[in-house]
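K.L.:
So here's model.pdb (PDB, C-alpha atoms, pLDDT in the B column).
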```pdb
ATOM      1  CA  MET A   1      29.059  76.809  58.619  1.00 48.00           C
ATOM      2  CA  THR A   2      29.258  76.122  54.885  1.00 48.00           C
ATOM      3  CA  HIS A   3      26.275  77.053  52.732  1.00 51.00           C
ATOM      4  CA  LYS A   4      25.728  75.334  49.376  1.00 49.00           C
ATOM      5  CA  THR A   5      24.908  77.599  46.534  1.00 53.00           C
ATOM      6  CA  PRO A   6      21.648  76.981  44.601  1.00 50.00           C
ATOM      7  CA  SER A   7      23.605  75.644  41.567  1.00 50.00           C
ATOM      8  CA  VAL A   8      25.339  73.018  43.711  1.00 45.00           C
ATOM      9  CA  ARG A   9      22.042  71.918  45.230  1.00 50.00           C
ATOM     10  CA  LEU A  10      20.472  71.711  41.747  1.00 43.00           C
ATOM     11  CA  PHE A  11      23.333  69.564  40.419  1.00 45.00           C
ATOM     12  CA  ALA A  12      23.077  67.210  43.403  1.00 45.00           C
ATOM     13  CA  GLY A  13      19.330  66.861  42.908  1.00 48.00           C
ATOM     14  CA  ILE A  14      19.712  66.046  39.205  1.00 46.00           C
ATOM     15  CA  SER A  15      22.440  63.463  39.940  1.00 48.00           C
ATOM     16  CA  LEU A  16      20.288  61.754  42.564  1.00 45.00           C
ATOM     17  CA  ALA A  17      17.282  61.643  40.216  1.00 46.00           C
ATOM     18  CA  ALA A  18      19.384  60.170  37.400  1.00 46.00           C
ATOM     19  CA  PHE A  19      20.810  57.507  39.728  1.00 47.00           C
ATOM     20  CA  LEU A  20      17.319  56.527  40.923  1.00 44.00           C
ATOM     21  CA  ALA A  21      16.013  56.390  37.335  1.00 45.00           C
ATOM     22  CA  MET A  22      18.876  54.100  36.250  1.00 50.00           C
ATOM     23  CA  GLY A  23      18.218  51.796  39.178  1.00 49.00           C
ATOM     24  CA  ALA A  24      14.500  51.615  38.408  1.00 47.00           C
ATOM     25  CA  ALA A  25      15.211  50.801  34.757  1.00 47.00           C
ATOM     26  CA  ALA A  26      17.611  48.000  35.713  1.00 50.00           C
ATOM     27  CA  PHE A  27      15.046  46.557  38.136  1.00 46.00           C
ATOM     28  CA  ALA A  28      12.315  46.630  35.469  1.00 46.00           C
ATOM     29  CA  ALA A  29      14.582  44.883  32.940  1.00 48.00           C
ATOM     30  CA  ASP A  30      15.361  42.120  35.430  1.00 52.00           C
ATOM     31  CA  ALA A  31      11.652  41.696  36.166  1.00 47.00           C
ATOM     32  CA  ILE A  32      10.819  41.369  32.461  1.00 47.00           C
ATOM     33  CA  ASP A  33      13.563  38.770  31.961  1.00 52.00           C
ATOM     34  CA  GLU A  34      12.078  36.673  34.746  1.00 52.00           C
ATOM     35  CA  ILE A  35       8.603  36.539  33.103  1.00 52.00           C
ATOM     36  CA  PRO A  36       8.261  33.212  31.182  1.00 54.00           C
ATOM     37  CA  GLN A  37       8.187  33.895  27.440  1.00 55.00           C
ATOM     38  CA  PRO A  38       5.819  31.914  25.158  1.00 53.00           C
ATOM     39  CA  PRO A  39       7.454  29.646  22.552  1.00 48.00           C
ATOM     40  CA  ILE A  40       8.036  31.293  19.208  1.00 49.00           C
ATOM     41  CA  ALA A  41       5.923  29.758  16.443  1.00 50.00           C
ATOM     42  CA  PRO A  42       7.625  29.037  13.122  1.00 50.00           C
ATOM     43  CA  PRO A  43       6.973  31.768  10.557  1.00 56.00           C
ATOM     44  CA  PRO A  44       4.345  31.081   7.867  1.00 58.00           C
ATOM     45  CA  GLY A  45       5.575  28.922   5.000  1.00 51.00           C
ATOM     46  CA  VAL A  46       8.240  27.090   7.002  1.00 55.00           C
ATOM     47  CA  GLU A  47       8.026  23.339   6.417  1.00 47.00           C
ATOM     48  CA  VAL A  48       7.360  21.338   9.564  1.00 66.00           C
ATOM     49  CA  PHE A  49       6.238  17.986   8.075  1.00 93.00           C
ATOM     50  CA  SER A  50       8.141  15.696   5.716  1.00 96.00           C
ATOM     51  CA  TRP A  51       6.365  13.740   2.963  1.00 97.00           C
ATOM     52  CA  GLN A  52       9.672  12.250   1.780  1.00 97.00           C
ATOM     53  CA  GLY A  53       9.709   8.461   1.352  1.00 97.00           C
ATOM     54  CA  GLY A  54       7.851   5.490  -0.047  1.00 98.00           C
ATOM     55  CA  TYR A  55       4.187   4.745   0.530  1.00 98.00           C
ATOM     56  CA  ILE A  56       1.480   2.164  -0.187  1.00 98.00           C
ATOM     57  CA  GLY A  57      -2.280   2.249   0.180  1.00 98.00           C
ATOM     58  CA  ALA A  58      -5.775   1.353  -0.976  1.00 98.00           C
ATOM     59  CA  SER A  59      -8.521   3.355  -2.665  1.00 98.00           C
ATOM     60  CA  ALA A  60     -12.195   2.962  -3.555  1.00 98.00           C
ATOM     61  CA  GLY A  61     -14.888   5.044  -5.169  1.00 98.00           C
ATOM     62  CA  ALA A  62     -16.966   5.559  -8.291  1.00 98.00           C
ATOM     63  CA  ALA A  63     -16.175   5.257 -12.004  1.00 98.00           C
ATOM     64  CA  ILE A  64     -18.229   7.272 -14.512  1.00 97.00           C
ATOM     65  CA  PHE A  65     -18.059   5.146 -17.687  1.00 97.00           C
ATOM     66  CA  ASN A  66     -18.786   6.907 -20.989  1.00 96.00           C
ATOM     67  CA  PRO A  67     -18.190   4.901 -24.191  1.00 95.00           C
ATOM     68  CA  THR A  68     -19.121   6.548 -27.514  1.00 94.00           C
ATOM     69  CA  PRO A  69     -20.829   6.385 -29.901  1.00 93.00           C
ATOM     70  CA  GLY A  70     -24.097   4.597 -29.155  1.00 88.00           C
ATOM     71  CA  PHE A  71     -23.616   3.928 -25.416  1.00 93.00           C
ATOM     72  CA  ALA A  72     -25.173   5.511 -22.360  1.00 94.00           C
ATOM     73  CA  THR A  73     -23.064   6.966 -19.548  1.00 95.00           C
ATOM     74  CA  ASN A  74     -23.125   4.759 -16.470  1.00 96.00           C
ATOM     75  CA  THR A  75     -21.572   4.817 -12.987  1.00 97.00           C
ATOM     76  CA  GLY A  76     -20.203   1.881 -11.024  1.00 97.00           C
ATOM     77  CA  PHE A  77     -17.713   0.821  -8.369  1.00 97.00           C
ATOM     78  CA  ILE A  78     -13.935   0.988  -8.770  1.00 98.00           C
ATOM     79  CA  GLY A  79     -11.206   0.219  -6.224  1.00 98.00           C
ATOM     80  CA  GLY A  80      -7.721  -1.178  -5.753  1.00 98.00           C
ATOM     81  CA  ALA A  81      -4.215  -0.456  -4.487  1.00 98.00           C
ATOM     82  CA  PHE A  82      -1.433   2.064  -5.125  1.00 98.00           C
ATOM     83  CA  ALA A  83       2.263   2.557  -4.344  1.00 98.00           C
ATOM     84  CA  GLY A  84       4.722   5.393  -4.895  1.00 98.00           C
ATOM     85  CA  TYR A  85       7.671   7.398  -3.618  1.00 98.00           C
ATOM     86  CA  ASN A  86       7.688  11.066  -2.606  1.00 98.00           C
ATOM     87  CA  PHE A  87      10.686  13.276  -3.372  1.00 98.00           C
ATOM     88  CA  GLN A  88      10.511  16.551  -1.435  1.00 97.00           C
ATOM     89  CA  ASN A  89      12.358  19.850  -1.883  1.00 96.00           C
ATOM     90  CA  GLY A  90      11.066  22.475   0.526  1.00 94.00           C
ATOM     91  CA  ASN A  91       7.312  22.575   0.070  1.00 95.00           C
ATOM     92  CA  VAL A  92       7.387  21.017  -3.418  1.00 97.00           C
ATOM     93  CA  VAL A  93       6.728  17.262  -3.611  1.00 98.00           C
ATOM     94  CA  PHE A  94       7.110  15.046  -6.697  1.00 98.00           C
ATOM     95  CA  ALA A  95       6.041  11.403  -6.781  1.00 98.00           C
ATOM     96  CA  PRO A  96       5.981   8.632  -9.380  1.00 98.00           C
ATOM     97  CA  GLU A  97       3.036   6.377  -8.519  1.00 98.00           C
ATOM     98  CA  LEU A  98       1.629   3.060  -9.782  1.00 98.00           C
ATOM     99  CA  ASP A  99      -1.903   1.851  -9.135  1.00 98.00           C
ATOM    100  CA  PHE A 100      -4.324  -0.848 -10.228  1.00 98.00           C
ATOM    101  CA  ASP A 101      -8.122  -0.845  -9.871  1.00 98.00           C
ATOM    102  CA  TYR A 102     -10.781  -3.473 -10.458  1.00 98.00           C
ATOM    103  CA  SER A 103     -14.037  -2.096 -11.812  1.00 96.00           C
ATOM    104  CA  ALA A 104     -17.673  -3.190 -11.807  1.00 93.00           C
ATOM    105  CA  THR A 105     -18.987  -0.688 -14.350  1.00 94.00           C
ATOM    106  CA  SER A 106     -20.869  -1.382 -17.556  1.00 94.00           C
ATOM    107  CA  SER A 107     -22.752   0.367 -20.347  1.00 93.00           C
ATOM    108  CA  GLY A 108     -24.888  -1.811 -22.557  1.00 89.00           C
ATOM    109  CA  ALA A 109     -22.813  -4.796 -23.674  1.00 89.00           C
ATOM    110  CA  LEU A 110     -19.504  -3.121 -22.755  1.00 94.00           C
ATOM    111  CA  ASP A 111     -18.059  -3.880 -19.307  1.00 95.00           C
ATOM    112  CA  LEU A 112     -15.074  -2.056 -17.809  1.00 96.00           C
ATOM    113  CA  ASN A 113     -13.067  -4.665 -15.862  1.00 96.00           C
ATOM    114  CA  TYR A 114      -9.889  -2.926 -14.689  1.00 97.00           C
ATOM    115  CA  VAL A 115      -7.659   0.144 -15.038  1.00 98.00           C
ATOM    116  CA  GLY A 116      -3.920   0.310 -14.348  1.00 98.00           C
ATOM    117  CA  ARG A 117      -1.961   3.548 -14.236  1.00 98.00           C
ATOM    118  CA  VAL A 118       1.545   5.019 -14.300  1.00 98.00           C
ATOM    119  CA  LYS A 119       1.283   8.516 -12.804  1.00 98.00           C
ATOM    120  CA  GLY A 120       3.491  11.494 -12.122  1.00 98.00           C
ATOM    121  CA  LYS A 121       2.319  13.731  -9.265  1.00 98.00           C
ATOM    122  CA  LEU A 122       3.530  17.281  -8.624  1.00 98.00           C
ATOM    123  CA  GLY A 123       2.347  18.772  -5.364  1.00 98.00           C
ATOM    124  CA  TYR A 124       2.727  21.535  -2.815  1.00 97.00           C
ATOM    125  CA  SER A 125       2.821  20.805   0.902  1.00 96.00           C
ATOM    126  CA  PHE A 126       0.894  23.007   3.332  1.00 95.00           C
ATOM    127  CA  ASP A 127       2.382  21.341   6.410  1.00 94.00           C
ATOM    128  CA  ARG A 128       0.355  18.098   6.729  1.00 97.00           C
ATOM    129  CA  THR A 129      -1.848  18.821   3.689  1.00 98.00           C
ATOM    130  CA  LEU A 130      -0.495  17.877   0.244  1.00 98.00           C
ATOM    131  CA  VAL A 131      -2.248  19.178  -2.901  1.00 98.00           C
ATOM    132  CA  SER A 132      -1.126  17.609  -6.203  1.00 98.00           C
ATOM    133  CA  VAL A 133      -1.807  17.690  -9.935  1.00 98.00           C
ATOM    134  CA  ILE A 134      -1.526  14.384 -11.793  1.00 98.00           C
ATOM    135  CA  GLY A 135      -0.694  13.233 -15.304  1.00 98.00           C
ATOM    136  CA  GLY A 136       0.277   9.935 -16.888  1.00 98.00           C
ATOM    137  CA  GLY A 137      -0.730   6.863 -18.835  1.00 98.00           C
ATOM    138  CA  ALA A 138      -3.437   4.239 -18.308  1.00 98.00           C
ATOM    139  CA  PHE A 139      -4.071   0.643 -19.378  1.00 98.00           C
ATOM    140  CA  ALA A 140      -7.647  -0.669 -19.321  1.00 98.00           C
ATOM    141  CA  GLY A 141      -9.444  -3.927 -19.963  1.00 97.00           C
ATOM    142  CA  ALA A 142     -13.065  -4.378 -21.021  1.00 95.00           C
ATOM    143  CA  ASP A 143     -15.499  -7.004 -22.337  1.00 92.00           C
ATOM    144  CA  ALA A 144     -17.636  -6.281 -25.383  1.00 86.00           C
ATOM    145  CA  GLY A 145     -19.718  -9.451 -25.629  1.00 76.00           C
ATOM    146  CA  ALA A 146     -17.594 -10.925 -28.423  1.00 72.00           C
ATOM    147  CA  GLY A 147     -14.423 -10.970 -26.312  1.00 85.00           C
ATOM    148  CA  ALA A 148     -11.915  -9.100 -24.208  1.00 92.00           C
ATOM    149  CA  LEU A 149     -10.562  -5.715 -25.260  1.00 95.00           C
ATOM    150  CA  THR A 150      -7.482  -3.877 -23.945  1.00 96.00           C
ATOM    151  CA  ASP A 151      -6.087  -0.456 -24.716  1.00 97.00           C
ATOM    152  CA  PHE A 152      -3.679   2.292 -23.620  1.00 98.00           C
ATOM    153  CA  GLY A 153      -4.706   5.884 -22.977  1.00 98.00           C
ATOM    154  CA  TRP A 154      -3.812   9.025 -21.038  1.00 98.00           C
ATOM    155  CA  LEU A 155      -5.024  10.507 -17.773  1.00 98.00           C
ATOM    156  CA  ALA A 156      -5.052  13.809 -15.876  1.00 98.00           C
ATOM    157  CA  GLY A 157      -6.403  14.849 -12.511  1.00 98.00           C
ATOM    158  CA  ALA A 158      -5.710  16.086  -8.996  1.00 98.00           C
ATOM    159  CA  SER A 159      -5.529  14.826  -5.426  1.00 98.00           C
ATOM    160  CA  VAL A 160      -5.496  16.065  -1.831  1.00 98.00           C
ATOM    161  CA  ASP A 161      -3.882  14.082   1.000  1.00 98.00           C
ATOM    162  CA  TYR A 162      -3.729  14.822   4.720  1.00 98.00           C
ATOM    163  CA  ALA A 163      -1.215  13.250   7.127  1.00 98.00           C
ATOM    164  CA  VAL A 164      -3.371  11.973  10.015  1.00 98.00           C
ATOM    165  CA  THR A 165      -0.212  10.780  11.797  1.00 97.00           C
ATOM    166  CA  ASP A 166       3.470  10.834  10.814  1.00 96.00           C
ATOM    167  CA  ASN A 167       2.907   7.609   8.840  1.00 97.00           C
ATOM    168  CA  ILE A 168      -0.793   7.387   7.961  1.00 98.00           C
ATOM    169  CA  PHE A 169      -2.478   9.682   5.429  1.00 98.00           C
ATOM    170  CA  ALA A 170      -5.949   9.900   3.922  1.00 98.00           C
ATOM    171  CA  GLY A 171      -7.388  11.875   1.048  1.00 98.00           C
ATOM    172  CA  GLY A 172      -9.232  11.958  -2.225  1.00 98.00           C
ATOM    173  CA  GLU A 173      -8.384  11.750  -5.929  1.00 98.00           C
ATOM    174  CA  TYR A 174     -10.108  12.716  -9.179  1.00 98.00           C
ATOM    175  CA  LEU A 175      -8.881  11.348 -12.541  1.00 98.00           C
ATOM    176  CA  TYR A 176     -10.052  11.722 -16.130  1.00 98.00           C
ATOM    177  CA  HIS A 177      -9.031   8.918 -18.555  1.00 98.00           C
ATOM    178  CA  SER A 178      -9.273   8.938 -22.341  1.00 98.00           C
ATOM    179  CA  PHE A 179      -8.988   5.874 -24.644  1.00 97.00           C
ATOM    180  CA  ASP A 180      -9.419   6.640 -28.345  1.00 96.00           C
ATOM    181  CA  ASN A 181     -10.623   3.838 -30.640  1.00 96.00           C
ATOM    182  CA  PHE A 182     -10.502   1.288 -27.827  1.00 96.00           C
ATOM    183  CA  ASP A 183      -8.569  -1.763 -29.098  1.00 95.00           C
ATOM    184  CA  SER A 184      -9.442  -0.772 -32.719  1.00 94.00           C
ATOM    185  CA  SER A 185     -13.133  -1.366 -31.966  1.00 91.00           C
ATOM    186  CA  GLY A 186     -14.281   2.044 -33.181  1.00 92.00           C
ATOM    187  CA  ILE A 187     -15.370   2.893 -29.625  1.00 93.00           C
ATOM    188  CA  ASP A 188     -13.926   5.862 -27.766  1.00 96.00           C
ATOM    189  CA  VAL A 189     -13.951   5.391 -23.991  1.00 96.00           C
ATOM    190  CA  ASN A 190     -13.809   8.156 -21.385  1.00 97.00           C
ATOM    191  CA  VAL A 191     -13.666   7.225 -17.700  1.00 98.00           C
ATOM    192  CA  GLN A 192     -13.806   9.575 -14.727  1.00 98.00           C
ATOM    193  CA  THR A 193     -12.916   8.202 -11.289  1.00 98.00           C
ATOM    194  CA  ILE A 194     -13.559   9.799  -7.894  1.00 98.00           C
ATOM    195  CA  LYS A 195     -11.944   7.849  -5.064  1.00 98.00           C
ATOM    196  CA  ALA A 196     -11.151   8.067  -1.365  1.00 98.00           C
ATOM    197  CA  ARG A 197      -7.678   6.773  -0.437  1.00 98.00           C
ATOM    198  CA  VAL A 198      -5.821   5.708   2.682  1.00 98.00           C
ATOM    199  CA  GLY A 199      -2.075   5.073   2.757  1.00 98.00           C
ATOM    200  CA  PHE A 200       0.926   4.285   4.901  1.00 98.00           C
ATOM    201  CA  LYS A 201       4.149   6.296   4.484  1.00 97.00           C
ATOM    202  CA  PHE A 202       7.462   4.621   5.356  1.00 95.00           C
TER     203      PHE A 202
END
```
Represent the structure from my file as structure tokens, please.
P.N.:
Amino acid sequence: MTHKTPSVRLFAGISLAAFLAMGAAAFAADAIDEIPQPPIAPPPGVEVFSWQGGYIGASAGAAIFNPTPGFATNTGFIGGAFAGYNFQNGNVVFAPELDFDYSATSSGALDLNYVGRVKGKLGYSFDRTLVSVIGGGAFAGADAGAGALTDFGWLAGASVDYAVTDNIFAGGEYLYHSFDNFDSSGIDVNVQTIKARVGFKF
């Protein structure tokens, strides 16, 4: 009868334990692979919504009318339509935009009738939220009792838009307008507008 030495029995025991450990590891790996994995969310900062394309819309709000000197500051209604085109590169969005508003705002004998604008907007997209700064030129018409006045000026402001759907967005806009020596009348006119806006993106 053959007797195994202790070293042979030790080697056999180690080999068997290693084989069992390898099998258990393979079984565990297969079990993990079979567990459904949750979808991987895009990393922060990755763009998932496109603002690229043309758009149109309507806006309405308040105009704070401040002619100087000798006039009181007054607030009235302002509203109209706008149209533009978004160019997008990553999260940066640039848009030329045109708009025209009718106004029902007056101070003393001076009535603000309308404001038209040519704007450049530079924004940053946080997915469906677009935050923009605005600059450009404005054209306004007013009545001063003796007749109609018109003048060109500049504007600056900011806006926030949110894409409610892939095509419809809503937001708000603040603009400051300055008209020096309005139509050579000796009157300086400052107008602040705060408006809500709704638009459709093509």
K.L.:
Using only C-alpha atoms, what does the table of stretch 97-155 of chain A residues within 10 Å of stretch 73-82 of chain A look like, with each row giving the shortest atom pair and its distance in Å to one decimal, sorted by chain and ascending number, as a Markdown table?
P.N.:
```
| residue | atom | partner | partner_atom | distance |
| --- | --- | --- | --- | --- |
| A:Glu97 | CA | A:Phe82 | CA | 7.1 |
| A:Leu98 | CA | A:Phe82 | CA | 5.7 |
| A:Asp99 | CA | A:Phe82 | CA | 4.0 |
| A:Phe100 | CA | A:Gly80 | CA | 5.6 |
| A:Asp101 | CA | A:Gly80 | CA | 4.2 |
| A:Tyr102 | CA | A:Gly79 | CA | 5.6 |
| A:Ser103 | CA | A:Ile78 | CA | 4.3 |
| A:Ala104 | CA | A:Phe77 | CA | 5.3 |
| A:Thr105 | CA | A:Gly76 | CA | 4.4 |
| A:Ser106 | CA | A:Asn74 | CA | 6.6 |
| A:Ser107 | CA | A:Asn74 | CA | 5.9 |
| A:Gly108 | CA | A:Asn74 | CA | 9.1 |
| A:Leu112 | CA | A:Gly76 | CA | 9.4 |
| A:Asn113 | CA | A:Ile78 | CA | 9.1 |
| A:Tyr114 | CA | A:Ile78 | CA | 8.2 |
| A:Val115 | CA | A:Ile78 | CA | 8.9 |
| A:Gly116 | CA | A:Gly80 | CA | 9.5 |
| A:Arg117 | CA | A:Phe82 | CA | 9.2 |
```
K.L.:
Pick out the closest residue to A:Gly54 from this set: A:Ala144, A:Val118, A:Ile168, A:Val160. Count all atoms listed in the file.
P.N.:
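Among A:Ala144, A:Val118, A:Ile168, A:Val160, it is A:Ile168 that comes nearest to A:Gly54.
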K.L.:
Go through A:Gly147, A:Gly135, A:Gly153, A:Gly199 one by one, measure the shortest atom-to-atom distance of each to A:Ala170 using all atoms listed in the file, and give the residue with the smallest value.
P.N.:
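Looking only at the distances to A:Ala170, the closest residue turns out to be A:Gly199.
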K.L.:
Could you check how far atom CA of A:Thr129 sits from atom CA of A:Phe87, in Å to one decimal?
P.N.:
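A separation of 15.4 Å between them.
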K.L.:
Any chance you could work out the residue set of the PyMOL selection byres ((chain A and resi 154) around 7) here, as a short mmCIF file (atom, residue, chain, number, x, y, z; two decimals) with C-alpha atoms, keeping the file's coordinate frame?
P.N.:
```
data_model
loop_
_atom_site.label_atom_id
_atom_site.label_comp_id
_atom_site.auth_asym_id
_atom_site.auth_seq_id
_atom_site.Cartn_x
_atom_site.Cartn_y
_atom_site.Cartn_z
CA GLY A 136 0.28 9.94 -16.89
CA GLY A 137 -0.73 6.86 -18.84
CA ALA A 138 -3.44 4.24 -18.31
CA GLY A 153 -4.71 5.88 -22.98
CA LEU A 155 -5.02 10.51 -17.77
CA HIS A 177 -9.03 8.92 -18.56
CA SER A 178 -9.27 8.94 -22.34
#
```
K.L.:
Mind checking which residues fall within 12 Å of A:Trp51, counting only C-alpha atoms, ignoring those fewer than 2 positions away in the same chain, and posting them as a PyMOL selection string?
P.N.:
chain A and resi 47-49+53-55+84-95+123-131+161-163+165-169+200-202
K.L.:
Generate the output file for the selected residues, C-alpha atoms, as an mmCIF file, keeping the file's coordinate frame.
P.N.:
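Dumped everything to out38.cif:
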```cif
data_model
loop_
_atom_site.group_PDB
_atom_site.id
_atom_site.type_symbol
_atom_site.label_atom_id
_atom_site.label_comp_id
_atom_site.auth_asym_id
_atom_site.auth_seq_id
_atom_site.Cartn_x
_atom_site.Cartn_y
_atom_site.Cartn_z
ATOM 1 C CA GLU A 47 8.026 23.339 6.417
ATOM 2 C CA VAL A 48 7.360 21.338 9.564
ATOM 3 C CA PHE A 49 6.238 17.986 8.075
ATOM 4 C CA GLY A 53 9.709 8.461 1.352
ATOM 5 C CA GLY A 54 7.851 5.490 -0.047
ATOM 6 C CA TYR A 55 4.187 4.745 0.530
ATOM 7 C CA GLY A 84 4.722 5.393 -4.895
ATOM 8 C CA TYR A 85 7.671 7.398 -3.618
ATOM 9 C CA ASN A 86 7.688 11.066 -2.606
ATOM 10 C CA PHE A 87 10.686 13.276 -3.372
ATOM 11 C CA GLN A 88 10.511 16.551 -1.435
ATOM 12 C CA ASN A 89 12.358 19.850 -1.883
ATOM 13 C CA GLY A 90 11.066 22.475 0.526
ATOM 14 C CA ASN A 91 7.312 22.575 0.070
ATOM 15 C CA VAL A 92 7.387 21.017 -3.418
ATOM 16 C CA VAL A 93 6.728 17.262 -3.611
ATOM 17 C CA PHE A 94 7.110 15.046 -6.697
ATOM 18 C CA ALA A 95 6.041 11.403 -6.781
ATOM 19 C CA GLY A 123 2.347 18.772 -5.364
ATOM 20 C CA TYR A 124 2.727 21.535 -2.815
ATOM 21 C CA SER A 125 2.821 20.805 0.902
ATOM 22 C CA PHE A 126 0.894 23.007 3.332
ATOM 23 C CA ASP A 127 2.382 21.341 6.410
ATOM 24 C CA ARG A 128 0.355 18.098 6.729
ATOM 25 C CA THR A 129 -1.848 18.821 3.689
ATOM 26 C CA LEU A 130 -0.495 17.877 0.244
ATOM 27 C CA VAL A 131 -2.248 19.178 -2.901
ATOM 28 C CA ASP A 161 -3.882 14.082 1.000
ATOM 29 C CA TYR A 162 -3.729 14.822 4.720
ATOM 30 C CA ALA A 163 -1.215 13.250 7.127
ATOM 31 C CA THR A 165 -0.212 10.780 11.797
ATOM 32 C CA ASP A 166 3.470 10.834 10.814
ATOM 33 C CA ASN A 167 2.907 7.609 8.840
ATOM 34 C CA ILE A 168 -0.793 7.387 7.961
ATOM 35 C CA PHE A 169 -2.478 9.682 5.429
ATOM 36 C CA PHE A 200 0.926 4.285 4.901
ATOM 37 C CA LYS A 201 4.149 6.296 4.484
ATOM 38 C CA PHE A 202 7.462 4.621 5.356
#
```
K.L.:
For atom CA of A:Ala83 and atom CA of A:Glu173, quote the distance in Å rounded to one decimal.
P.N.:
14.2 Å
K.L.:
Grab the atom CA of A:Asp188 to atom CA of A:Val133 distance for me, in Å with one decimal place.
P.N.:
24.6 Å
K.L.:
Considering all atoms listed in the file, can you say which of A:Leu175, A:Val189, A:Ala109, A:Val198 comes closest to A:Ala62?
P.N.:
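Going through A:Leu175, A:Val189, A:Ala109, A:Val198 one by one, the smallest distance to A:Ala62 is for A:Leu175.
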K.L.:
Just say which residues the PyMOL selection byres ((chain A and resi 197) around 7) picks in this file, as a VMD selection string.
P.N.:
chain A and resid 58 to 60 170 to 172 195 to 196 198 to 199
K.L.:
Taking all atoms of stretch 66-72 of chain A that the file lists, what box with edges along x, y and z, padded by 3 Å per side, do you get, with centre and edge lengths in Å to one decimal, as JSON?
P.N.:
```
{"center_x": -21.7, "center_y": 5.4, "center_z": -25.4, "size_x": 13.0, "size_y": 9.0, "size_z": 14.9}
```
K.L.:
Got a sec to resolve the PyMOL selection byres ((chain A and resi 190) around 9) on this structure and send the residues as a CSV table (one decimal) with C-alpha atoms, in the coordinates of the input?
P.N.:
```csv
chain,number,residue,atom,x,y,z
A,64,ILE,CA,-18.2,7.3,-14.5
A,65,PHE,CA,-18.1,5.1,-17.7
A,66,ASN,CA,-18.8,6.9,-21.0
A,67,PRO,CA,-18.2,4.9,-24.2
A,68,THR,CA,-19.1,6.5,-27.5
A,176,TYR,CA,-10.1,11.7,-16.1
A,177,HIS,CA,-9.0,8.9,-18.6
A,178,SER,CA,-9.3,8.9,-22.3
A,179,PHE,CA,-9.0,5.9,-24.6
A,180,ASP,CA,-9.4,6.6,-28.3
A,188,ASP,CA,-13.9,5.9,-27.8
A,189,VAL,CA,-14.0,5.4,-24.0
A,191,VAL,CA,-13.7,7.2,-17.7
A,192,GLN,CA,-13.8,9.6,-14.7
```
K.L.:
Closest to A:Pro69 among A:Ile134, A:Val164, A:Leu110, A:Ile56, using only C-alpha atoms?
P.N.:
A:Leu110
